[in-house]
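Listing of work.txt, compact mmCIF, C-alpha atoms
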```txt
# COMPACT_ATOMS: atom_id res chain seq x y z
CA MET A 310 100.02 42.23 -158.35
CA THR A 311 102.06 40.61 -161.13
CA VAL A 312 102.69 44.04 -162.65
CA ASP A 313 103.77 45.34 -159.22
CA ASP A 314 106.16 42.43 -158.70
CA LEU A 315 107.84 43.03 -162.06
CA LEU A 316 108.84 46.60 -161.21
CA PRO A 317 112.10 47.57 -159.45
CA PHE A 318 111.62 47.21 -155.71
CA GLU A 319 111.74 50.93 -155.00
CA ASP A 320 108.98 51.59 -157.56
CA ARG A 321 106.52 48.99 -156.27
CA LEU A 322 103.30 49.75 -154.44
CA GLY A 323 103.81 46.70 -152.24
CA LEU A 324 100.34 45.39 -153.09
CA VAL A 325 98.80 42.80 -150.82
CA PHE A 326 95.45 41.24 -151.74
CA SER A 327 93.11 40.16 -148.94
CA ARG A 328 90.11 37.99 -149.84
CA ASP A 329 87.12 37.51 -147.57
CA ARG A 330 86.77 33.77 -147.10
CA GLY A 331 83.59 34.03 -145.07
CA ASP A 332 84.97 32.42 -141.95
CA SER A 333 86.20 33.41 -138.50
CA GLU A 334 89.79 33.58 -139.69
CA SER A 335 89.04 36.23 -142.30
CA SER A 336 90.93 39.50 -141.93
CA MET A 337 87.62 41.38 -142.20
CA THR A 338 84.71 41.66 -139.75
CA ASN A 339 81.24 40.36 -140.55
CA VAL A 340 78.58 43.05 -140.14
CA SER A 341 78.11 46.59 -138.90
CA ALA A 342 75.98 47.45 -135.88
CA ASN A 343 72.92 47.76 -138.17
CA GLY A 344 73.50 44.31 -139.64
CA ARG A 345 74.96 45.38 -142.98
CA SER A 346 77.86 43.34 -144.25
CA LEU A 347 81.05 45.39 -144.28
CA ARG A 348 83.38 42.92 -145.90
CA PRO A 349 84.33 43.53 -149.51
CA ASP A 350 84.97 40.25 -151.27
CA GLY A 351 88.53 41.41 -151.73
CA ALA A 352 90.76 44.43 -151.16
CA PHE A 353 94.17 45.63 -152.31
CA PHE A 354 96.35 47.16 -149.62
CA LEU A 355 99.43 49.28 -150.26
CA LYS A 356 102.49 49.57 -148.04
CA GLY A 357 101.40 50.48 -144.53
CA ASN A 358 98.06 48.62 -144.76
CA ARG A 359 96.46 51.47 -146.75
CA MET A 360 93.45 50.37 -148.77
CA GLY A 361 93.92 51.37 -152.40
CA ALA A 362 91.18 49.38 -154.15
CA LYS A 363 88.55 46.75 -153.46
CA LEU A 364 86.27 44.38 -155.33
CA GLU A 365 82.90 42.66 -155.12
CA GLU A 366 82.29 39.36 -156.90
CA LYS A 367 79.02 37.58 -157.70
CA ASP A 368 78.22 34.52 -159.77
CA SER A 369 76.57 34.61 -163.21
CA THR A 370 73.04 34.63 -161.77
CA TYR A 371 73.52 38.27 -160.74
CA PRO A 372 73.60 41.34 -163.03
CA ILE A 373 76.75 43.47 -162.87
CA SER A 374 74.68 46.18 -161.14
CA GLN A 375 74.54 44.06 -157.95
CA PRO A 376 78.27 44.13 -157.06
CA LEU A 377 78.35 47.80 -158.16
CA ARG A 378 75.61 48.60 -155.65
CA GLU A 379 77.32 46.67 -152.85
CA LEU A 380 80.62 48.49 -153.44
CA GLY A 381 78.85 51.75 -152.65
CA GLU A 382 76.97 50.37 -149.64
CA LYS A 383 80.20 49.21 -148.04
CA THR A 384 81.89 52.59 -148.49
CA ALA A 385 79.07 54.63 -146.96
CA VAL A 386 81.36 57.00 -145.05
CA TRP A 387 84.38 58.92 -146.31
CA SER A 388 86.95 60.51 -144.04
CA PRO A 389 90.48 61.88 -144.47
CA LEU A 390 91.34 59.67 -141.50
CA TYR A 391 90.66 56.68 -143.76
CA TYR A 392 91.52 57.90 -147.24
CA GLY A 393 93.68 61.03 -146.81
CA SER A 394 93.08 63.38 -149.76
CA LEU A 395 92.26 60.51 -152.12
CA PRO A 396 89.81 61.81 -154.77
CA TYR A 397 88.34 58.35 -155.38
CA LEU A 398 88.69 54.71 -154.34
CA LEU A 399 89.24 52.34 -157.26
CA CYS A 400 86.98 49.28 -157.39
CA ILE A 401 86.28 46.18 -159.46
CA ALA A 402 82.81 44.64 -159.83
CA ILE A 403 82.53 41.05 -161.07
CA ALA A 404 79.40 39.07 -161.95
CA GLY A 405 80.19 35.70 -163.50
CA SER A 406 82.28 36.46 -166.58
CA GLN A 407 81.45 40.19 -166.46
CA VAL A 408 84.16 42.57 -165.13
CA GLN A 409 83.45 46.26 -164.56
CA PHE A 410 86.11 48.74 -163.41
CA CYS A 411 84.64 51.55 -161.31
CA ALA A 412 85.38 54.11 -158.62
CA VAL A 413 83.76 55.40 -155.45
CA GLU A 414 84.18 59.18 -155.45
CA ARG A 415 84.99 61.26 -152.39
CA GLY A 416 81.88 63.44 -152.76
CA ALA A 417 79.48 60.50 -153.14
CA PRO A 418 80.91 57.54 -151.20
CA SER A 419 77.73 55.47 -151.33
CA THR A 420 77.79 55.14 -155.14
CA ALA A 421 80.22 53.22 -157.35
CA VAL A 422 80.61 54.92 -160.75
CA ALA A 423 81.46 52.73 -163.74
CA ILE A 424 84.68 53.45 -165.67
CA GLY A 425 84.00 52.51 -169.28
CA ALA A 426 81.98 49.50 -170.40
CA PRO A 427 82.11 46.07 -168.72
CA TYR A 428 84.32 43.32 -170.13
CA ASP A 429 83.12 39.79 -170.80
CA MET A 430 85.89 37.27 -170.10
CA GLN A 431 84.23 34.73 -172.38
CA ARG A 432 84.95 36.94 -175.39
CA ILE A 433 88.50 36.91 -176.82
CA GLY A 434 88.47 40.59 -177.74
CA ASP A 435 87.28 41.59 -174.26
CA ARG A 436 89.97 39.44 -172.64
CA ALA A 437 92.65 41.31 -174.62
CA GLY A 438 91.03 44.61 -173.65
CA LEU A 439 90.89 43.49 -170.02
CA ALA A 440 94.66 42.87 -170.03
CA ILE A 441 95.28 46.42 -171.27
CA ALA A 442 92.76 47.81 -168.77
CA THR A 443 94.60 46.03 -165.96
CA PHE A 444 97.77 47.98 -166.76
CA ASN A 445 95.77 51.22 -166.81
CA PHE A 446 94.11 50.26 -163.52
CA TYR A 447 97.56 49.80 -162.00
CA ARG A 448 98.65 53.20 -163.32
CA LEU A 449 95.59 54.81 -161.72
CA LEU A 450 96.27 52.96 -158.48
CA LYS A 451 99.85 54.22 -158.45
CA ALA A 452 98.74 57.79 -159.08
CA ALA A 453 96.13 57.55 -156.33
CA SER A 454 98.68 56.25 -153.82
CA ALA A 455 100.27 59.71 -153.67
CA TYR A 456 97.12 60.98 -151.94
CA LEU A 457 97.30 58.42 -149.13
CA PRO A 458 99.43 59.54 -146.16
CA SER A 459 101.67 56.94 -144.56
CA SER A 460 99.71 57.09 -141.29
CA VAL A 461 96.17 56.79 -142.69
CA LEU A 462 93.92 54.58 -140.54
CA THR A 463 93.57 51.10 -141.95
CA VAL A 464 89.94 50.80 -143.00
CA GLY A 465 88.58 47.40 -144.00
CA CYS A 466 91.40 45.36 -142.47
CA ASP A 467 91.95 43.97 -138.99
CA LEU A 468 94.94 45.32 -137.07
CA LYS A 469 96.01 42.55 -134.74
CA HIS A 470 98.49 42.58 -131.89
CA LYS A 471 99.26 39.26 -130.23
CA VAL A 472 100.83 39.22 -126.78
CA THR A 473 102.43 36.02 -125.50
CA ARG A 474 102.87 35.70 -121.75
CA ASP A 475 105.50 33.84 -119.82
CA GLY A 476 104.37 30.24 -119.82
CA GLY A 477 103.06 30.35 -123.38
CA SER A 478 99.48 31.65 -123.00
CA SER A 479 98.56 34.56 -125.27
CA TYR A 480 95.80 37.01 -126.13
CA THR A 481 95.13 39.08 -129.25
CA ARG A 482 93.86 42.65 -129.43
CA THR A 483 92.19 43.55 -132.73
CA LEU A 484 91.08 46.92 -134.10
CA HIS A 485 88.83 47.20 -137.15
CA PHE A 486 87.95 50.67 -138.49
CA LEU A 487 84.45 50.42 -139.96
CA SER A 488 83.71 51.49 -143.51
CA ASP A 489 80.04 52.43 -143.05
CA SER A 490 80.51 54.70 -140.01
CA LEU A 491 83.33 56.58 -138.32
CA ALA A 492 83.85 54.07 -135.57
CA VAL A 493 86.32 51.40 -134.54
CA ARG A 494 85.51 47.90 -133.34
CA LYS A 495 87.85 46.49 -130.71
CA THR A 496 88.08 42.85 -129.69
CA ILE A 497 90.23 41.05 -127.14
CA THR A 498 90.40 37.28 -127.13
CA PRO A 499 90.67 35.14 -125.11
CA TRP A 500 89.46 37.59 -122.49
CA PRO A 501 90.36 35.46 -119.42
CA VAL A 502 94.06 35.53 -120.40
CA TYR A 503 94.00 39.32 -120.85
CA ALA A 504 92.01 39.87 -117.64
CA GLU A 505 94.42 37.76 -115.60
CA ARG A 506 97.49 39.46 -117.07
CA TRP A 507 96.31 42.99 -116.24
CA GLY A 508 94.10 42.30 -113.24
CA VAL A 509 90.89 43.72 -114.71
CA GLU A 510 87.21 42.88 -114.34
CA PHE A 511 84.75 43.12 -117.22
CA SER A 512 82.20 44.82 -114.93
CA ASP A 513 84.69 47.63 -114.22
CA ILE A 514 85.37 48.17 -117.92
CA ALA A 515 81.66 48.30 -118.71
CA ARG A 516 81.11 50.77 -115.85
CA ALA A 517 83.97 52.95 -117.10
CA TYR A 518 82.31 53.36 -120.50
CA SER A 519 78.87 53.85 -118.93
CA ALA A 520 80.00 56.41 -116.34
CA THR A 521 81.83 58.52 -118.94
CA SER A 522 79.30 58.26 -121.78
CA THR A 523 78.49 62.00 -121.81
CA ALA A 524 81.87 63.34 -120.66
CA SER A 525 84.54 64.96 -122.78
CA GLY A 526 88.15 63.86 -122.62
CA LEU A 527 87.49 60.15 -123.26
CA ILE A 528 86.51 57.98 -126.19
CA HIS A 529 82.90 56.74 -126.06
CA VAL A 530 80.81 53.79 -127.08
CA SER A 531 79.66 54.42 -130.67
CA PRO A 532 76.32 56.32 -130.88
CA ASN A 533 74.80 53.56 -133.03
CA GLY A 534 75.44 50.87 -130.46
CA GLY A 535 78.39 48.78 -129.47
CA GLU A 536 78.44 48.66 -125.66
CA PRO A 537 81.07 46.33 -124.19
CA THR A 538 80.02 42.70 -124.40
CA LEU A 539 81.63 39.47 -123.34
CA ASN A 540 80.60 36.55 -125.52
CA GLY A 541 82.37 33.46 -124.24
CA VAL A 542 86.05 34.37 -124.31
CA LYS A 543 85.61 37.29 -126.76
CA TYR A 544 85.45 40.89 -125.54
CA LEU A 545 83.91 43.35 -128.01
CA VAL A 546 83.23 47.09 -127.98
CA GLN A 547 82.53 49.64 -130.75
CA LEU A 548 83.94 53.13 -130.18
CA ALA A 549 83.85 56.71 -131.47
CA PRO A 550 84.96 59.36 -132.25
CA ILE A 551 87.97 58.45 -134.32
CA GLY A 552 90.56 61.20 -134.21
CA LEU A 553 94.18 61.73 -135.09
CA GLN A 554 96.30 59.01 -133.52
CA ARG A 555 99.77 59.19 -132.01
CA ALA A 556 101.58 59.05 -135.36
CA ASP A 557 99.82 62.27 -136.44
CA ILE A 558 100.02 64.19 -133.16
CA ARG A 559 102.87 66.69 -133.07
CA VAL A 560 103.34 68.26 -129.65
CA ALA A 561 105.58 71.15 -130.64
CA SER A 562 104.59 74.02 -128.35
CA GLU A 563 103.65 74.78 -124.78
CA GLY A 564 100.11 75.48 -125.96
CA GLN A 565 99.75 71.99 -127.43
CA LEU A 566 101.18 70.46 -124.25
CA ARG A 567 98.62 72.42 -122.21
CA ASN A 568 95.83 71.24 -124.51
CA ALA A 569 96.90 67.64 -123.97
CA ALA A 570 96.95 68.09 -120.18
CA HIS A 571 93.55 69.79 -120.30
CA GLY A 572 91.95 66.92 -122.23
CA ILE A 573 93.51 64.25 -120.03
CA LEU A 574 92.32 65.99 -116.86
CA HIS A 575 88.74 66.14 -118.16
CA GLY A 576 88.80 62.41 -118.78
CA LEU A 577 90.45 61.57 -115.47
CA SER A 578 88.14 63.80 -113.44
CA THR A 579 85.09 61.89 -114.73
CA LEU A 580 86.69 58.50 -114.15
CA HIS A 581 87.86 59.45 -110.66
CA GLN A 582 84.43 60.76 -109.68
CA ALA A 583 83.12 57.30 -110.60
CA GLU A 584 85.81 55.83 -108.27
CA LEU A 585 87.67 54.35 -111.25
CA VAL A 586 91.24 54.79 -112.48
CA HIS A 587 92.60 54.61 -116.02
CA ARG A 588 95.99 52.93 -115.28
CA ASP A 589 97.31 53.14 -118.85
CA LEU A 590 98.30 56.77 -119.40
CA ARG A 591 100.72 56.88 -122.32
CA TRP A 592 100.98 59.00 -125.44
CA PRO A 593 99.80 56.09 -127.67
CA ASN A 594 96.55 56.14 -125.66
CA LEU A 595 95.79 59.74 -126.54
CA ALA A 596 94.00 61.06 -129.63
CA CYS A 597 92.90 64.50 -130.76
CA ASN A 598 90.29 65.97 -133.04
CA MET A 599 91.08 66.04 -136.74
CA GLU A 600 90.05 69.61 -137.59
CA SER A 601 92.26 71.64 -135.26
CA ALA A 602 94.43 68.90 -133.73
CA SER A 603 94.08 70.73 -130.42
CA ARG A 604 91.39 68.92 -128.41
CA PHE A 605 92.71 65.75 -126.82
CA TYR A 606 90.99 62.73 -125.30
CA LEU A 607 91.91 59.40 -123.71
CA LEU A 608 91.66 56.02 -125.42
CA ASP A 609 91.78 52.44 -124.21
CA LEU A 610 89.61 52.06 -121.12
CA GLU A 611 90.32 48.32 -121.06
CA MET A 612 92.84 48.81 -118.23
CA CYS A 613 90.38 50.65 -115.97
CA ALA A 614 89.87 49.34 -112.46
CA ARG A 615 88.40 50.42 -109.16
CA ALA A 616 90.41 53.12 -107.44
CA ASP A 617 92.51 52.38 -104.36
CA GLY A 618 92.99 48.74 -105.23
CA LYS A 619 96.09 46.60 -105.08
CA PRO A 620 97.16 45.80 -108.66
CA ALA A 621 96.32 42.15 -109.30
CA MET A 622 99.12 41.58 -111.78
CA ALA A 623 102.47 39.87 -111.50
CA HIS A 624 104.35 42.57 -113.41
CA PRO A 625 103.06 46.18 -113.39
CA PRO A 626 103.47 48.14 -116.65
CA ALA A 627 106.90 49.73 -117.06
CA HIS A 628 105.40 53.17 -117.78
CA TRP A 629 104.07 53.38 -114.22
CA GLY A 630 107.59 53.94 -112.99
CA PRO A 631 108.71 53.25 -109.41
CA HIS A 632 106.62 55.94 -107.69
CA ALA A 633 103.07 55.36 -108.99
CA LEU A 634 101.68 53.32 -106.09
CA VAL A 635 100.54 54.71 -102.74
CA GLY A 636 101.15 52.14 -100.03
CA GLY A 637 100.98 49.39 -102.66
CA LEU A 638 97.66 50.70 -104.03
CA TYR A 639 96.87 52.32 -107.37
CA THR A 640 94.94 55.52 -106.59
CA ALA A 641 93.64 58.58 -108.42
CA ALA A 642 96.94 60.21 -107.53
CA SER A 643 98.68 57.34 -109.36
CA ASP A 644 96.88 58.34 -112.56
CA LEU A 645 97.95 61.96 -112.12
CA HIS A 646 101.55 60.90 -111.48
CA CYS A 647 101.54 58.83 -114.69
CA MET A 648 100.09 61.80 -116.54
CA GLY A 649 102.97 63.85 -115.17
CA LEU A 650 105.48 61.33 -116.51
CA MET A 651 103.83 61.66 -119.93
CA LEU A 652 103.86 65.43 -119.99
CA CYS A 653 107.42 65.69 -118.69
CA GLN A 654 108.62 63.99 -121.88
CA TYR A 655 108.05 67.44 -123.39
CA ALA A 656 109.28 69.46 -120.40
CA ASN A 657 111.52 71.47 -122.73
CA LEU A 658 108.36 73.08 -124.16
CA ALA A 659 107.26 74.39 -120.75
CA THR A 660 108.69 77.90 -120.84
CA SER A 661 106.19 79.78 -118.65
CA ASP A 662 106.21 79.82 -114.85
CA ASN A 663 102.67 78.40 -114.75
CA ALA A 664 103.68 75.48 -116.98
CA ARG A 665 106.74 74.63 -114.93
CA THR A 666 104.74 74.86 -111.68
CA PHE A 667 102.06 72.54 -113.07
CA LEU A 668 104.58 69.94 -114.23
CA ALA A 669 106.32 70.08 -110.85
CA ILE A 670 103.00 69.24 -109.15
CA VAL A 671 102.03 66.28 -111.36
CA SER A 672 105.54 64.80 -111.56
CA ALA A 673 105.72 64.38 -107.79
CA HIS A 674 105.55 60.89 -106.31
CA ALA A 675 101.94 59.72 -106.17
CA LYS A 676 102.05 59.54 -102.37
CA ASP A 677 102.87 63.25 -102.26
CA LEU A 678 100.20 64.42 -104.71
CA ARG A 679 97.41 66.27 -102.91
CA GLU A 680 95.54 67.91 -105.79
CA SER A 681 92.70 66.10 -107.56
CA ALA A 682 92.02 66.16 -111.28
CA VAL A 683 89.13 68.58 -110.67
CA GLU A 684 91.42 70.92 -108.72
CA LEU A 685 94.15 70.72 -111.35
CA LEU A 686 91.66 71.83 -113.99
CA GLN A 687 91.56 75.15 -112.12
CA HIS A 688 95.36 75.55 -112.05
CA PRO A 689 96.37 78.86 -113.71
CA TRP A 690 98.10 76.99 -116.52
CA ILE A 691 94.87 75.14 -117.42
CA SER A 692 92.16 77.65 -116.36
CA CYS A 693 89.27 75.38 -117.34
CA ALA A 694 85.93 77.10 -118.00
CA GLY A 695 84.08 74.40 -116.09
CA ALA A 696 80.72 73.17 -117.41
CA ALA A 697 81.00 75.46 -120.45
CA CYS A 698 84.44 74.13 -121.42
CA THR A 699 84.90 72.80 -124.95
CA ALA A 700 88.69 72.45 -124.81
CA ALA A 701 88.75 68.66 -124.45
CA GLY A 702 88.13 66.22 -127.28
CA ALA A 703 85.28 63.73 -127.75
CA LEU A 704 82.49 66.16 -126.91
CA GLN A 705 79.08 64.56 -126.65
CA GLY A 706 77.77 63.82 -130.14
CA GLU A 707 81.11 64.49 -131.84
CA VAL A 708 82.04 62.21 -134.74
```
Would you mind writing the file's structure down as structure tokens?
Amino acid sequence: MTVDDLLPFEDRLGLVFSRDRGDSESSMTNVSANGRSLRPDGAFFLKGNRMGAKLEEKDSTYPISQPLRELGEKTAVWSPLYYGSLPYLLCIAIAGSQVQFCAVERGAPSTAVAIGAPYDMQRIGDRAGLAIATFNFYRLLKAASAYLPSSVLTVGCDLKHKVTRDGGSSYTRTLHFLSDSLAVRKTITPWPVYAERWGVEFSDIARAYSATSTASGLIHVSPNGGEPTLNGVKYLVQLAPIGLQRADIRVASEGQLRNAAHGILHGLSTLHQAELVHRDLRWPNLACNMESASRFYLLDLEMCARADGKPAMAHPPAHWGPHALVGGLYTAASDLHCMGLMLCQYANLATSDNARTFLAIVSAHAKDLRESAVELLQHPWISCAGAACTAAGALQGEV
């Protein structure tokens, strides 16, 4: 970090070091669903919260092989969503006075490979060599940074968003992308403040995830566990699959717009059949698969509520617009209207008659919408294949 600070501002990596302090205020979560610790003892993050290197540190009672082994265990999954086209993740293993530079390679993420021999900080010659190695480590880190896209998902670090309400009360939403599986852990705390602000019930959220567990078009509870839980004032859920997020989604054609509508309708049809509504339809709450970037699915079921209810919130979300409610109630048609507002942001891409007709239907006031999500899936612009359809994202078992 000293080397980085000495460079001209435009040439710096913007390194930030985060150390696990083993307490509830740490920026890293404790354990995975299988009980394995996920927290490296420290991590270097580049501009944009992109992990560039990490370290494990033990005292002198441990051999250097112990932190080397743990570095691999805590990087058990490798994905371009986390690391872009990075060929390796640089690491440092420390055991007492022993320091070993190493790397976790893309093709074998569960193994940390040593780079050269370890250094002993108690030996003068090794300390001089360690200083030179530190400069070389920085040079490698700078070279590796070119392989990390600006929008890579932030693995190993909590992404927190604090919302302060009128009157001073606040809640914090936290996302943590796990390093041993392709899943994200979401927490909201304190839950009572969030629930009051948005008029939601924990039982409805849990039912939303349960009712849609095998459906496409929505994010799911992670296959290795992670159902919604409420522990005191802390809400927790672990979710998968992780796809391309809003920053990486480029809706640039009518076909992509149709794919987005198709995925949303699959998700909404399942929710609506369970007599639930999503209530938070916005582009930031949509993801798509990484391979083809063409199969979309809904995120963020923490705003779900029972259909045909009066919103129990002082200030409805601005993205609902003035025509979302039907007689003061939020209905299934309200969801479809909000979907229409989303899609119409790209109305210039709708060049076919079928596309324009579809957008005209879903952009109508909610009180005037007669078609259901199931019926809209059969609109000529969508032409869903029904039970055999694989056009929506988050297919059962997809990672």
### Message
What's the separation between atom CA of Leu322 of chain A and atom CA of Ile558 of chain A, in Å to one decimal place?
### Response
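Atom-to-atom, atom CA of Leu322 of chain A to atom CA of Ile558 of chain A, that is 25.9 Å.
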### Distance criterion (only C-alpha atoms): nearest to Gln547 of chain A out of A:Val493, A:Ile573, A:Ile401, A:Leu580
A:Val493
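Proximity to Asn445 of chain A was assessed for A:Ala517, A:Ala352, A:Leu577, A:Val312 counting all atoms listed in the file; the smallest distance is recorded for A:Val312.
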### Task
Would you kindly return, as a VMD selection string, each protein, DNA or RNA residue with an atom no farther than 9 Å from any atom of segment 588-603 of chain A, considering all atoms listed in the file and excluding same-chain residues fewer than 6 positions away?
chain A and resid 389 to 390 527 to 528 550 to 559 564 to 565 568 to 569 572 to 573 609 to 614 626 628 to 629 639 643 to 645 647 to 648 650 to 652 700 to 703
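The shortest atom-to-atom distance to Val530 of chain A, with all atoms listed in the file taken into account, belongs to A:Gln705 out of A:Ser327, A:Ser388, A:Gln705, A:Ser512.
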### Message
Please list as a list in words every residue within 8 Å of Leu638 of chain A, counting all atoms listed in the file and excluding residues in the same chain fewer than 3 positions away.
### Response
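Near Leu638 of chain A, the qualifying residues are Asp617, Gly618, Lys619, Pro620, Leu634 and Val635 of chain A.
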#### Entry: Residue among A:Ala520, A:Thr640, A:Thr498, A:Glu365 lying closest to Ser681 of chain A, counting only C-alpha atoms
A:Thr640
### Query
If you measure from atom CA of Lys367 of chain A to atom CA of Lys495 of chain A, what distance in Å do you get, rounded to one decimal?
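A separation of 29.8 Å between them.
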